[in-house]
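Structure file my_file.txt (compact mmCIF, C-alpha atoms) is printed below.
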```txt
# COMPACT_ATOMS: atom_id res chain seq x y z
CA MET A 874 0.00 0.00 0.00
CA ASN A 875 1.22 3.47 -0.91
CA CYS A 876 1.39 6.02 1.88
CA PRO A 877 -2.03 7.74 2.04
CA LEU A 878 -0.38 11.03 2.90
CA GLU A 879 1.10 11.27 -0.57
CA THR A 880 -2.15 12.67 -1.97
CA ARG A 881 -5.00 14.51 -0.33
CA GLU A 882 -7.58 12.05 -1.69
CA ASN A 883 -5.83 9.18 0.02
CA ALA A 884 -5.20 11.22 3.15
CA GLN A 885 -8.97 11.38 3.38
CA LEU A 886 -8.86 7.63 4.04
CA LEU A 887 -6.65 8.25 7.02
CA LEU A 888 -9.08 10.87 8.31
CA ASP A 889 -12.00 8.47 7.87
CA TYR A 890 -10.02 5.83 9.73
CA CYS A 891 -9.40 8.18 12.65
CA THR A 892 -13.06 9.21 12.79
CA ARG A 893 -14.12 5.54 12.58
CA LYS A 894 -15.94 6.00 9.29
CA LEU A 895 -13.83 3.63 7.21
CA GLU A 896 -15.11 0.24 6.01
CA PRO A 897 -13.74 -2.68 8.01
CA GLU A 898 -11.86 -4.18 5.03
CA SER A 899 -9.94 -0.93 4.47
CA VAL A 900 -9.22 -0.58 8.20
CA ALA A 901 -7.05 -3.72 8.29
CA THR A 902 -4.98 -2.63 5.28
CA LEU A 903 -4.51 0.86 6.69
CA GLU A 904 -3.55 -0.40 10.13
CA ARG A 905 -0.84 -2.57 8.60
CA HIS A 906 0.52 0.53 6.85
CA ILE A 907 0.31 2.75 9.93
CA ALA A 908 2.35 0.19 11.86
CA ILE A 909 5.30 0.77 9.53
CA CYS A 910 4.80 4.46 8.54
CA GLY A 911 5.91 7.08 11.04
CA ALA A 912 4.15 9.97 9.25
CA CYS A 913 0.82 8.18 9.17
CA GLU A 914 1.22 7.09 12.76
CA GLU A 915 1.82 10.71 13.77
CA PHE A 916 -1.21 11.83 11.72
CA ALA A 917 -3.43 9.23 13.38
CA ARG A 918 -2.15 10.09 16.86
CA SER A 919 -2.73 13.83 16.48
CA GLN A 920 -6.13 13.33 14.84
CA ARG A 921 -7.23 11.11 17.74
CA ALA A 922 -6.05 13.82 20.13
CA VAL A 923 -8.22 16.38 18.31
CA TRP A 924 -11.17 13.99 18.38
CA GLU A 925 -10.83 13.47 22.14
CA ALA A 926 -10.35 17.18 22.79
CA LEU A 927 -13.56 17.91 20.89
CA ASP A 928 -15.34 15.23 22.93
CA ALA A 929 -14.65 17.23 26.08
CA TRP A 930 -16.71 20.14 24.80
CA GLN A 931 -20.24 19.48 25.99
CA PRO A 932 -22.68 22.40 25.96
CA ALA A 933 -25.04 23.30 28.78
CA PRO A 934 -28.48 21.67 28.71
CA VAL A 935 -31.30 23.46 26.90
CA SER A 936 -33.43 25.79 29.08
CA ALA A 937 -36.47 24.12 30.63
CA ASP A 938 -38.82 26.74 29.20
CA PHE A 939 -37.50 26.45 25.64
CA ASP A 940 -40.61 24.63 24.34
CA SER A 941 -43.15 26.85 26.08
CA ARG A 942 -41.40 29.98 24.79
CA LEU A 943 -41.48 28.56 21.27
CA TYR A 944 -45.14 27.53 21.49
CA ARG A 945 -46.06 30.99 22.76
CA ARG A 946 -44.30 32.53 19.76
CA ILE A 947 -46.11 30.15 17.44
CA GLU A 948 -49.45 30.91 19.12
CA GLY A 949 -48.76 34.60 18.59
CA GLN A 950 -48.38 34.06 14.87
CA VAL A 951 -51.26 31.73 14.02
CA SER A 952 -53.97 33.06 11.73
CA TRP A 953 -57.51 33.56 13.06
CA TRP A 954 -58.61 30.52 11.07
CA ASP A 955 -55.93 28.30 12.65
CA GLY A 956 -56.85 29.76 16.02
CA LEU A 957 -60.47 28.75 15.51
CA LEU A 958 -59.52 25.23 14.46
CA ARG A 959 -56.88 24.80 17.20
CA PRO A 960 -59.22 23.22 19.81
CA PHE A 961 -60.16 20.54 17.25
CA ARG A 962 -56.55 19.69 16.34
CA PRO A 963 -53.96 17.73 18.34
CA PRO A 964 -51.95 20.11 20.57
CA PHE A 965 -48.12 20.41 20.36
CA SER A 966 -47.80 18.62 23.67
CA PRO A 967 -50.28 17.46 26.36
CA SER A 968 -49.18 20.16 28.83
CA PHE A 969 -49.30 22.92 26.25
CA GLY A 970 -52.59 21.49 25.01
CA LYS A 971 -54.08 21.96 28.47
CA ALA A 972 -52.81 25.53 28.63
CA THR A 973 -54.24 26.22 25.18
CA MET A 974 -57.52 24.60 26.15
CA TRP A 975 -57.82 26.83 29.24
CA ARG A 976 -56.97 29.86 27.15
CA SER A 977 -59.60 28.87 24.61
CA LEU A 978 -62.16 28.35 27.38
CA ARG A 979 -61.32 31.74 28.89
CA ALA A 980 -61.70 33.36 25.46
CA ALA A 981 -65.01 31.56 24.93
CA ALA A 982 -66.24 32.68 28.36
CA ALA A 983 -65.24 36.27 27.60
CA ALA A 984 -67.05 36.06 24.26
CA CYS A 985 -70.18 34.72 26.02
CA LEU A 986 -70.07 37.57 28.54
CA LEU A 987 -69.74 40.13 25.75
CA LEU A 988 -72.66 38.54 23.94
CA MET A 989 -74.79 38.59 27.09
CA ALA A 990 -73.90 42.23 27.72
CA GLY A 991 -74.88 43.06 24.14
CA VAL A 992 -78.21 41.29 24.52
CA LEU A 993 -78.91 43.13 27.78
CA LEU A 994 -78.15 46.51 26.23
CA GLU A 995 -80.37 45.70 23.28
CA HIS A 996 -83.11 44.72 25.72
CA ARG A 997 -82.82 48.06 27.49
CA ALA A 998 -82.95 49.97 24.22
CA VAL A 999 -86.33 48.43 23.38
CA ALA A 1000 -87.59 48.52 26.98
CA PRO A 1001 -91.29 49.70 27.49
CA ALA A 1002 -91.92 53.43 27.68
CA PRO A 1003 -92.17 55.02 31.16
CA ALA A 1004 -95.54 55.52 32.82
CA PRO A 1005 -97.70 58.43 31.52
CA ASN A 1006 -97.44 60.40 34.83
CA ASP A 1007 -93.64 60.55 34.58
CA MET A 1008 -93.92 61.60 30.96
CA ALA A 1009 -96.31 64.39 31.92
CA GLN A 1010 -93.83 65.73 34.45
CA VAL A 1011 -91.00 65.73 31.95
CA ASP A 1012 -93.12 67.11 29.13
CA SER A 1013 -94.52 69.94 31.35
CA VAL A 1014 -91.16 71.77 31.45
CA GLN A 1015 -91.21 73.75 28.22
CA PRO A 1016 -88.40 76.02 26.91
CA GLU A 1017 -90.58 79.13 27.19
CA GLN A 1018 -91.23 78.35 30.79
CA VAL A 1019 -87.52 78.05 31.49
CA GLU A 1020 -86.94 81.39 29.74
CA ARG A 1021 -89.63 83.08 31.79
CA THR A 1022 -88.18 81.73 35.01
CA LEU A 1023 -84.72 83.03 34.07
CA ASP A 1024 -86.17 86.50 33.28
CA ALA A 1025 -87.95 86.56 36.60
CA MET A 1026 -84.75 85.65 38.43
CA GLU A 1027 -82.92 88.45 36.63
CA MET A 1028 -85.60 90.96 37.57
CA LEU A 1029 -85.43 89.81 41.17
CA ASN A 1030 -81.67 90.29 41.16
CA GLU A 1031 -81.96 93.81 39.77
CA PHE A 1032 -84.64 94.66 42.31
CA SER A 1033 -82.57 93.51 45.25
CA HIS A 1034 -79.59 95.46 43.88
CA HIS A 1035 -81.71 98.66 43.79
CA VAL A 1036 -83.01 98.04 47.27
CA ARG A 1037 -79.42 97.73 48.57
CA THR A 1038 -78.27 100.97 46.85
CA ASP A 1039 -81.31 102.94 48.19
CA SER A 1040 -80.92 101.81 51.78
CA PRO A 1041 -79.47 104.31 54.43
CA ASP A 1042 -76.49 102.05 55.07
CA SER A 1043 -75.37 102.30 51.50
CA LYS A 1044 -75.51 106.13 51.60
CA LEU A 1045 -73.15 106.10 54.50
CA MET B 418 -55.95 11.63 -7.91
CA ALA B 419 -55.03 14.17 -5.21
CA GLU B 420 -55.38 11.41 -2.64
CA ARG B 421 -53.01 9.19 -4.62
CA VAL B 422 -50.41 11.97 -4.96
CA LYS B 423 -50.71 12.55 -1.22
CA THR B 424 -50.15 8.85 -0.56
CA ASP B 425 -47.17 8.79 -2.92
CA ILE B 426 -45.59 11.72 -1.14
CA GLY B 427 -46.27 10.03 2.17
CA THR B 428 -44.63 6.79 0.98
CA ALA B 429 -41.62 8.69 -0.31
CA ALA B 430 -41.32 10.50 2.98
CA LEU B 431 -41.50 7.23 4.87
CA ALA B 432 -38.77 5.86 2.65
CA LEU B 433 -36.70 8.95 3.34
CA ASP B 434 -37.15 9.14 7.08
CA PHE B 435 -39.71 9.07 9.83
CA ASP B 436 -39.08 12.77 10.57
CA ALA B 437 -40.25 13.71 7.10
CA GLU B 438 -43.44 11.76 7.70
CA LEU B 439 -43.95 13.62 10.97
CA MET B 440 -43.44 16.89 9.14
CA LEU B 441 -46.09 15.88 6.60
CA ARG B 442 -48.47 15.32 9.51
CA VAL B 443 -47.61 18.80 10.80
CA LYS B 444 -48.49 20.06 7.33
CA GLU B 445 -51.91 18.48 7.76
CA GLY B 446 -52.40 20.36 11.04
CA ASP B 447 -51.12 17.83 13.57
CA GLY B 448 -49.47 19.90 16.30
CA ALA B 449 -48.48 16.81 18.28
CA SER B 450 -46.16 15.70 15.45
CA PHE B 451 -44.43 19.06 15.64
CA GLY B 452 -43.99 18.42 19.36
CA VAL B 453 -42.35 15.08 18.60
CA LEU B 454 -39.98 16.67 16.08
CA LEU B 455 -39.10 19.39 18.56
CA GLU B 456 -38.45 16.86 21.32
CA LYS B 457 -36.23 14.82 19.01
CA HIS B 458 -34.11 17.60 17.52
CA ARG B 459 -34.22 20.38 20.12
CA SER B 460 -30.92 19.52 21.81
CA SER B 461 -28.92 18.83 18.67
CA VAL B 462 -30.03 22.12 17.07
CA VAL B 463 -29.37 24.20 20.20
CA HIS B 464 -25.98 22.53 20.77
CA PHE B 465 -24.95 22.94 17.14
CA LEU B 466 -25.87 26.61 17.27
CA TYR B 467 -24.15 27.03 20.62
CA ARG B 468 -20.92 25.61 19.22
CA MET B 469 -21.27 27.87 16.19
CA VAL B 470 -21.94 31.17 18.00
CA GLN B 471 -20.51 30.20 21.42
CA ASN B 472 -23.19 32.00 23.38
CA HIS B 473 -25.97 30.01 25.01
CA ALA B 474 -28.64 32.74 24.99
CA VAL B 475 -27.98 33.60 21.34
CA ALA B 476 -27.96 29.89 20.44
CA GLU B 477 -31.37 29.33 22.04
CA GLU B 478 -32.79 32.41 20.36
CA LEU B 479 -31.54 31.18 16.98
CA ALA B 480 -32.88 27.68 17.69
CA GLN B 481 -36.30 29.18 18.42
CA GLU B 482 -36.13 30.92 15.06
CA VAL B 483 -35.16 27.62 13.38
CA PHE B 484 -38.20 25.77 14.75
CA LEU B 485 -40.43 28.76 14.12
CA ARG B 486 -39.35 28.72 10.47
CA VAL B 487 -39.97 24.99 10.30
CA TYR B 488 -43.49 25.50 11.62
CA ARG B 489 -44.15 28.47 9.35
CA SER B 490 -43.00 26.50 6.29
CA ARG B 491 -45.24 23.52 7.05
CA SER B 492 -47.76 24.34 4.34
CA THR B 493 -45.12 24.36 1.61
CA TYR B 494 -43.04 21.47 2.97
CA GLU B 495 -42.11 18.74 0.51
CA PRO B 496 -39.98 15.77 1.61
CA THR B 497 -37.34 16.16 -1.07
CA ALA B 498 -34.45 15.52 1.33
CA LYS B 499 -33.88 14.17 4.82
CA PHE B 500 -35.66 16.27 7.42
CA THR B 501 -32.43 16.86 9.33
CA THR B 502 -30.76 18.16 6.17
CA TRP B 503 -33.47 20.79 5.87
CA LEU B 504 -33.39 21.52 9.61
CA PHE B 505 -29.62 21.99 9.71
CA ARG B 506 -29.65 24.02 6.53
CA ILE B 507 -31.95 26.51 8.27
CA ALA B 508 -29.82 26.37 11.44
CA THR B 509 -26.55 26.86 9.55
CA HIS B 510 -27.99 29.71 7.51
CA LEU B 511 -29.13 31.50 10.67
CA ALA B 512 -25.84 30.83 12.47
CA LEU B 513 -23.74 32.12 9.59
CA ASN B 514 -25.92 35.23 9.37
CA ALA B 515 -25.63 35.81 13.11
CA LEU B 516 -21.85 35.43 12.92
CA ARG B 517 -21.64 37.84 10.00
CA ASP B 518 -23.91 40.37 11.69
CA GLY B 519 -21.89 40.25 14.87
CA LYS B 520 -18.50 39.90 13.25
CA ASN B 521 -17.16 43.08 14.79
CA GLU B 522 -18.61 42.32 18.19
CA ARG B 523 -16.34 41.41 21.04
CA LEU B 524 -16.03 37.73 20.29
CA GLN B 525 -13.18 37.37 22.76
CA GLU B 526 -15.35 38.89 25.45
CA ARG B 527 -18.16 36.49 24.61
CA LEU B 528 -15.79 33.56 24.98
CA ASP B 529 -14.72 34.83 28.38
CA ASP B 530 -18.26 35.66 29.51
CA ASP B 531 -19.53 32.28 28.53
CA THR B 532 -17.68 30.46 31.31
CA SER B 533 -20.81 30.69 33.48
CA GLU B 534 -22.75 28.72 30.86
CA ARG B 535 -20.57 25.67 31.02
CA PRO B 536 -22.27 22.52 32.19
CA VAL B 537 -21.72 22.16 35.88
CA ARG B 538 -22.87 18.57 35.65
CA GLN B 539 -19.54 17.28 34.35
CA VAL B 540 -17.63 18.90 37.13
CA SER B 541 -19.91 17.95 39.97
CA ASP B 542 -20.38 14.39 38.72
CA ARG B 543 -16.71 13.64 38.76
CA ARG B 544 -15.92 15.73 41.84
CA PRO B 545 -12.56 16.94 40.55
CA SER B 546 -10.05 18.87 42.54
CA VAL B 547 -9.64 22.59 41.94
CA GLU B 548 -6.51 21.86 39.97
CA GLN B 549 -8.27 19.33 37.75
CA PHE B 550 -11.12 21.76 37.24
CA LEU B 551 -8.74 24.52 36.16
CA VAL B 552 -6.95 22.17 33.78
CA TYR B 553 -10.31 21.14 32.33
CA GLN B 554 -11.36 24.76 31.88
CA ALA B 555 -8.07 25.65 30.20
CA LYS B 556 -8.44 22.69 27.86
CA LEU B 557 -12.03 23.62 27.05
CA ASP B 558 -11.03 27.22 26.34
CA GLU B 559 -8.37 26.02 23.97
CA VAL B 560 -10.83 23.80 22.11
CA ARG B 561 -13.36 26.61 21.83
CA ARG B 562 -10.78 29.09 20.63
CA ALA B 563 -9.50 26.60 18.07
CA ILE B 564 -13.01 26.05 16.73
CA THR B 565 -13.71 29.81 16.70
CA ALA B 566 -10.53 30.40 14.73
CA LEU B 567 -11.80 28.20 11.88
CA PRO B 568 -13.47 29.87 8.88
CA GLU B 569 -17.26 29.74 9.31
CA LYS B 570 -17.97 27.04 6.71
CA GLN B 571 -15.15 24.83 8.00
CA ARG B 572 -16.51 25.31 11.51
CA ALA B 573 -20.02 24.29 10.46
CA ALA B 574 -18.66 21.28 8.57
CA VAL B 575 -16.57 20.08 11.53
CA LEU B 576 -19.46 20.48 13.98
CA MET B 577 -21.85 18.52 11.76
CA HIS B 578 -19.22 15.87 11.06
CA LYS B 579 -18.02 15.46 14.63
CA TYR B 580 -21.08 16.08 16.82
CA GLU B 581 -24.02 15.33 14.51
CA GLU B 582 -22.19 12.42 12.84
CA MET B 583 -23.48 13.45 9.44
CA GLU B 584 -22.30 11.85 6.21
CA TYR B 585 -20.29 13.92 3.73
CA SER B 586 -23.25 13.89 1.32
CA GLN B 587 -25.59 15.32 3.95
CA ILE B 588 -23.13 18.03 5.02
CA ALA B 589 -22.75 18.89 1.32
CA LYS B 590 -26.51 19.35 1.00
CA VAL B 591 -26.67 21.47 4.15
CA LEU B 592 -23.83 23.69 2.98
CA SER B 593 -25.03 23.68 -0.65
CA CYS B 594 -21.73 22.47 -2.04
CA SER B 595 -20.27 19.30 -3.53
CA GLU B 596 -19.22 16.29 -1.52
CA SER B 597 -15.59 16.75 -2.57
CA ALA B 598 -15.77 20.37 -1.41
CA VAL B 599 -16.94 19.13 2.00
CA LYS B 600 -14.07 16.63 2.20
CA SER B 601 -11.66 19.41 1.35
CA LEU B 602 -13.25 21.73 3.95
CA LEU B 603 -12.99 19.05 6.60
CA PHE B 604 -9.46 18.09 5.72
CA ARG B 605 -8.26 21.67 6.02
CA ALA B 606 -10.25 22.22 9.20
CA TYR B 607 -8.82 19.13 10.91
CA GLU B 608 -5.37 20.09 9.72
CA THR B 609 -5.72 23.42 11.53
CA LEU B 610 -7.17 21.72 14.61
CA ARG B 611 -4.35 19.17 14.70
CA ALA B 612 -1.81 21.97 14.65
CA ARG B 613 -3.57 23.68 17.57
CA LEU B 614 -4.81 20.78 19.66
CA ALA B 615 -2.55 17.79 19.00
CA HIS B 616 -0.46 18.56 22.09
CA MET B 617 -3.49 17.70 24.25
CA ALA B 618 -2.99 13.99 23.74
```
structure tokens encoding of this file:
Amino acid sequence: MNCPLETRENAQLLLDYCTRKLEPESVATLERHIAICGACEEFARSQRAVWEALDAWQPAPVSADFDSRLYRRIEGQVSWWDGLLRPFRPPFSPSFGKATMWRSLRAAAAACLLLMAGVLLEHRAVAPAPAPNDMAQVDSVQPEQVERTLDAMEMLNEFSHHVRTDSPDSKL
Amino acid sequence: MAERVKTDIGTAALALDFDAELMLRVKEGDGASFGVLLEKHRSSVVHFLYRMVQNHAVAEELAQEVFLRVYRSRSTYEPTAKFTTWLFRIATHLALNALRDGKNERLQERLDDDTSERPVRQVSDRRPSVEQFLVYQAKLDEVRRAITALPEKQRAAVLMHKYEEMEYSQIAKVLSCSESAVKSLLFRAYETLRARLAHMA
């Protein structure tokens, strides 16, 4: 076997061997070569060292609220049609399904309340007219009457002003 | 006819992978299948992105965007490739964009700041001495710096090859290049890493 390091294509074999991605039949041939080739032995040793060093790098676990944050973002983007169909479709997860169900129920309850309030208001708008006596009282106050009352109050004011200016105290 | 086409697509997806079939169910409005996909690929996507951008908060934010895009694209999804190829193509695209956007940011500072995000589990499980812990931290820093020093595409290729155990053909599809280009990327990347990390043996 020629030294794999002579060409890059063959060196790829050595890399595959070190990353355990080489077919078993090629492994035996390559191992026989590595046993007698210092350069390939050094390549394999350093590549294994890199592989082990990379193994040591383990990231922190994913945040516990990752899924719920994602589902909230998805919920925020669904169309009104999807939102309407959501209760009839399988939820993302049982726990999120429960949360969505409660939200849907709350929304439905709020809609019912709004509907009831609307019906009540409508009912008031078409409520029976007040009793005739009350109407008579309201209708009896005419604009002319209000005007006359205001004139009378003005005259009374003027009169009391004159009375004050004519009194002996005011002359003093 | 439409039913037959649907069945054909479903069969093709099944032949491709189970994930693609799940995604087809998501397309039909099955939220639970999306939950299964998320459960299955959440960690690998977040960890890949973390190793790319080396910041846990940024990695999780990008991973959220990845899954959000998957969900948004459900109506147009066609199982033309493995699901993970599509998933990692989105993840790589977002990671490369994030790296380019923040190229002038204080990367060194991020590397230093990120020490608090390291998994405590490893340390506490093995109960190492302070000296061992410091040696471990120094080694980890060296690995991270060596990976950061790689050009972005080489970095993505190494991470998919090493940690996701992807085939050359799949990495090629994710990176939109030829298989030989991937082999060349990996060869050069490992050459650089050997020069920087071989002494750790």
For chain B, list the residues within 9 Å of chain A, counting all atoms listed in the file, and write the list as a PyMOL selection string.
-> chain B and resi 446-453+455-456+459-460+463-464+467-468+473+477+481-482+484-485+488-489+534-539+553+556-557+560-561+579-580+600-601+604+607-608+610-618
Go through B:Glu495, B:Val599, B:Ser586, B:Glu478 one by one, measure the shortest atom-to-atom distance of each to Lys570 of chain B using all atoms listed in the file, and give the residue with the smallest value.
->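 Among the listed residues, the smallest separation from Lys570 of chain B belongs to B:Val599.
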Provide the atom CA of Lys499 of chain B to atom CA of Glu896 of chain A distance in Å, to one decimal place.
->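 Between atom CA of Lys499 of chain B and atom CA of Glu896 of chain A the gap works out to 23.4 Å.
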Coordinates-based distance that separates atom CA of Thr565 of chain B from atom CA of Ala912 of chain A (Å, one decimal) | 27.7 Å
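Separating atom CA of Ala917 of chain A from atom CA of Tyr890 of chain A is a distance of 8.3 Å.
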Starting from the incomplete input, reconstruct N, CA and C atoms of segment 562-590 of chain B and write that as a short mmCIF file (atom, residue, chain, number, x, y, z; two decimals), in the coordinates of the input.
```cif
data_model
loop_
_atom_site.label_atom_id
_atom_site.label_comp_id
_atom_site.auth_asym_id
_atom_site.auth_seq_id
_atom_site.Cartn_x
_atom_site.Cartn_y
_atom_site.Cartn_z
N ARG B 562 -11.50 28.09 21.41
CA ARG B 562 -10.78 29.09 20.63
C ARG B 562 -10.33 28.51 19.29
N ALA B 563 -9.93 27.24 19.31
CA ALA B 563 -9.50 26.60 18.07
C ALA B 563 -10.66 26.49 17.08
N ILE B 564 -11.83 26.15 17.60
CA ILE B 564 -13.01 26.05 16.73
C ILE B 564 -13.40 27.44 16.20
N THR B 565 -13.35 28.44 17.10
CA THR B 565 -13.71 29.81 16.70
C THR B 565 -12.77 30.34 15.62
N ALA B 566 -11.53 29.91 15.69
CA ALA B 566 -10.53 30.40 14.73
C ALA B 566 -10.77 29.84 13.32
N LEU B 567 -11.55 28.79 13.21
CA LEU B 567 -11.80 28.20 11.88
C LEU B 567 -12.71 29.12 11.06
N PRO B 568 -12.51 29.14 9.73
CA PRO B 568 -13.47 29.87 8.88
C PRO B 568 -14.87 29.29 9.09
N GLU B 569 -15.89 30.13 8.93
CA GLU B 569 -17.26 29.74 9.31
C GLU B 569 -17.74 28.44 8.68
N LYS B 570 -17.48 28.25 7.38
CA LYS B 570 -17.97 27.04 6.71
C LYS B 570 -17.23 25.80 7.21
N GLN B 571 -15.93 25.96 7.46
CA GLN B 571 -15.15 24.83 8.00
C GLN B 571 -15.69 24.47 9.38
N ARG B 572 -16.00 25.52 10.15
CA ARG B 572 -16.51 25.31 11.51
C ARG B 572 -17.82 24.52 11.45
N ALA B 573 -18.72 24.98 10.58
CA ALA B 573 -20.02 24.29 10.46
C ALA B 573 -19.82 22.85 10.02
N ALA B 574 -18.91 22.64 9.07
CA ALA B 574 -18.66 21.28 8.57
C ALA B 574 -18.11 20.38 9.67
N VAL B 575 -17.16 20.88 10.45
CA VAL B 575 -16.57 20.08 11.53
C VAL B 575 -17.63 19.73 12.57
N LEU B 576 -18.44 20.72 12.94
CA LEU B 576 -19.46 20.48 13.98
C LEU B 576 -20.49 19.45 13.53
N MET B 577 -20.88 19.52 12.26
CA MET B 577 -21.85 18.52 11.76
C MET B 577 -21.20 17.15 11.63
N HIS B 578 -19.92 17.14 11.24
CA HIS B 578 -19.22 15.87 11.06
C HIS B 578 -18.93 15.22 12.41
N LYS B 579 -18.44 16.01 13.34
CA LYS B 579 -18.02 15.46 14.63
C LYS B 579 -19.21 15.18 15.57
N TYR B 580 -20.05 16.20 15.77
CA TYR B 580 -21.08 16.08 16.82
C TYR B 580 -22.41 15.54 16.30
N GLU B 581 -22.74 15.83 15.06
CA GLU B 581 -24.02 15.33 14.51
C GLU B 581 -23.82 14.03 13.73
N GLU B 582 -22.56 13.66 13.56
CA GLU B 582 -22.19 12.42 12.84
C GLU B 582 -22.87 12.33 11.48
N MET B 583 -22.86 13.44 10.77
CA MET B 583 -23.48 13.45 9.44
C MET B 583 -22.52 12.91 8.39
N GLU B 584 -23.09 12.34 7.35
CA GLU B 584 -22.30 11.85 6.21
C GLU B 584 -21.85 13.07 5.39
N TYR B 585 -20.79 12.84 4.58
CA TYR B 585 -20.29 13.92 3.73
C TYR B 585 -21.40 14.45 2.81
N SER B 586 -22.20 13.49 2.28
CA SER B 586 -23.25 13.89 1.32
C SER B 586 -24.29 14.81 2.00
N GLN B 587 -24.60 14.50 3.25
CA GLN B 587 -25.59 15.32 3.95
C GLN B 587 -25.03 16.71 4.27
N ILE B 588 -23.76 16.73 4.72
CA ILE B 588 -23.13 18.03 5.02
C ILE B 588 -23.09 18.86 3.74
N ALA B 589 -22.81 18.19 2.61
CA ALA B 589 -22.75 18.89 1.32
C ALA B 589 -24.10 19.53 1.01
N LYS B 590 -25.18 18.79 1.28
CA LYS B 590 -26.51 19.35 1.00
C LYS B 590 -26.82 20.52 1.94
#
```
